[in-house]
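Remarks on the structure that follows.
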Amino acid sequence: MAFVTSALLGRSNFVARRAAPVVSRRAATTVMEMSPSVPFLEKPARLDDSMAGYTGFDPLGFSNFYDVKYLQEAEIKHCRICMLAALGWVFPELWHLPGEVFSYTNPLEAVQKVPFLGILQILFLVIAVEAKGWDRMNIEPSFEPGNYGFDPLGLSSSPSSAKWYADAEIKNGRLAMIAVGGMIHQSLLTGKGVLAQINAHEWFPVNFPLH
């Protein structure tokens with residue numbers, strides 16, 4: 001009887017010793033959280049899902065090397081510029097100011113006709129906006145990226161509406177960045193504005209308008 005009891009106790013201790021490392025390994029194993037937009041990559045550690053337009057997309061890991069607020073500010077600026085550019089790329093084909101300098105419907109040709117003083121005006125405006133943004137980022141640590149206090153229609157009067165419009169701005173801005181890139185290349189290859197290409201049913205390269 002004593003032999004059987006000692007044998008059983010010895011077996012139970014052996015099983016316990018075999019099982020213990022398995023339990024500890026399972027406890028030590030953590031589940032890696034994956035990026036919502038790129039499921040085979042790990043979620044960027046410094047990106048917060050409460051950020052406007054969050055999708056967890058940072059395959060090159062920029063957020064590991066740069067201030068996330070700086071990256072947000074840069075993206076929002078490019079979003080706004082491209083939303084304006086998408087409208088400006090099409091609008092001259094519908095209406096333009098009188099004068100030959102405003103009569104070019106292909107923006108790639110039109111930009112070469114802008115007077116030198118006009119180019120300086122645009123350059124000074126860009127410098128002023130960049131200086132204001134740099135000042136905010138370095139002097140106001142609690143600044144909110146993209147928030148310049150411009151809301152004449154009161155769209156962000158409540159936190160919920162502010163969040164909704166911030167997400168909408170980022171999403172439309174990202175779409176505009178892709179769209180403007182397509183418009184530039186298509187105008188370069190066909191020599192026409194967007195509406196002229198559609199009306200002429202020209203979808204393939206014909207010539208380079210800047211020759």
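By convention here, the chains of the structure tokens are called A, B, ... in the order presented, each chain's residues are numbered starting at 1, and ligands are numbered starting at 1 in the order presented.
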Exercise: A:Glu202 partners within 12 Å, only C-alpha atoms, chain neighbours under 3 positions left out, as a PyMOL selection string: chain A and resi 186-187+189-199+205-207
Once DSSP has gone over the backbone, tell me which residues of chain A are in alpha helix (DSSP H), as JSON, numbers by chain. {"A": [2, 3, 4, 5, 6, 7, 8, 9, 10, 11, 12, 13, 14, 15, 16, 17, 18, 19, 20, 21, 22, 23, 24, 25, 26, 27, 28, 68, 69, 70, 71, 72, 73, 74, 75, 76, 77, 78, 79, 80, 81, 82, 83, 84, 85, 86, 87, 88, 89, 90, 91, 92, 93, 94, 107, 108, 109, 110, 116, 117, 118, 119, 120, 121, 122, 123, 124, 125, 126, 127, 128, 129, 130, 131, 132, 133, 134, 135, 136, 137, 138, 139, 159, 160, 161, 162, 163, 164, 165, 166, 167, 168, 169, 170, 171, 172, 173, 174, 175, 176, 177, 178, 179, 180, 181, 182, 183, 184, 185, 186, 187, 188, 189, 190, 194, 195, 196, 197, 198, 199, 200]}
With only C-alpha atoms as the counted atoms, please give the residues lying no more than 10 Å from stretch 64-78 of chain A, apart from itself and same-chain residues fewer than 3 positions off, as a VMD selection string. chain A and resid 44 to 48 51 to 53 58 60 to 61 81 to 84 129 to 130 133 to 134 137 141 to 147 166 169 to 170 173 to 174 176 to 177
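Our summary of the geometry notes that atom CA of A:Val101 is positioned 7.1 Å from atom CA of A:Val114.
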Between atom CA of A:Leu108 and atom CA of A:Lys171, what distance in Å does the model show, to one decimal? 26.3 Å
Report, in Å to a single decimal, how far apart atom CA of A:Ala179 and atom CA of A:Gly56 are. 21.9 Å
A:Ala162, A:Phe102, A:Pro107, A:Glu33 ranked by distance to A:Trp89, top pick (using only C-alpha atoms):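 Distance minimum relative to A:Trp89 lands on A:Pro107.
For A:Pro59, the set of protein, DNA and RNA residues having any atom at most 12 Å away, when counting only C-alpha atoms and skipping those fewer than 6 positions along the same chain, is Met34, Ser35, Pro36, Ser37, Val38, Pro39, Phe40, Leu41, Glu42, Lys43, Pro44, Ala45 and Leu47 of chain A.
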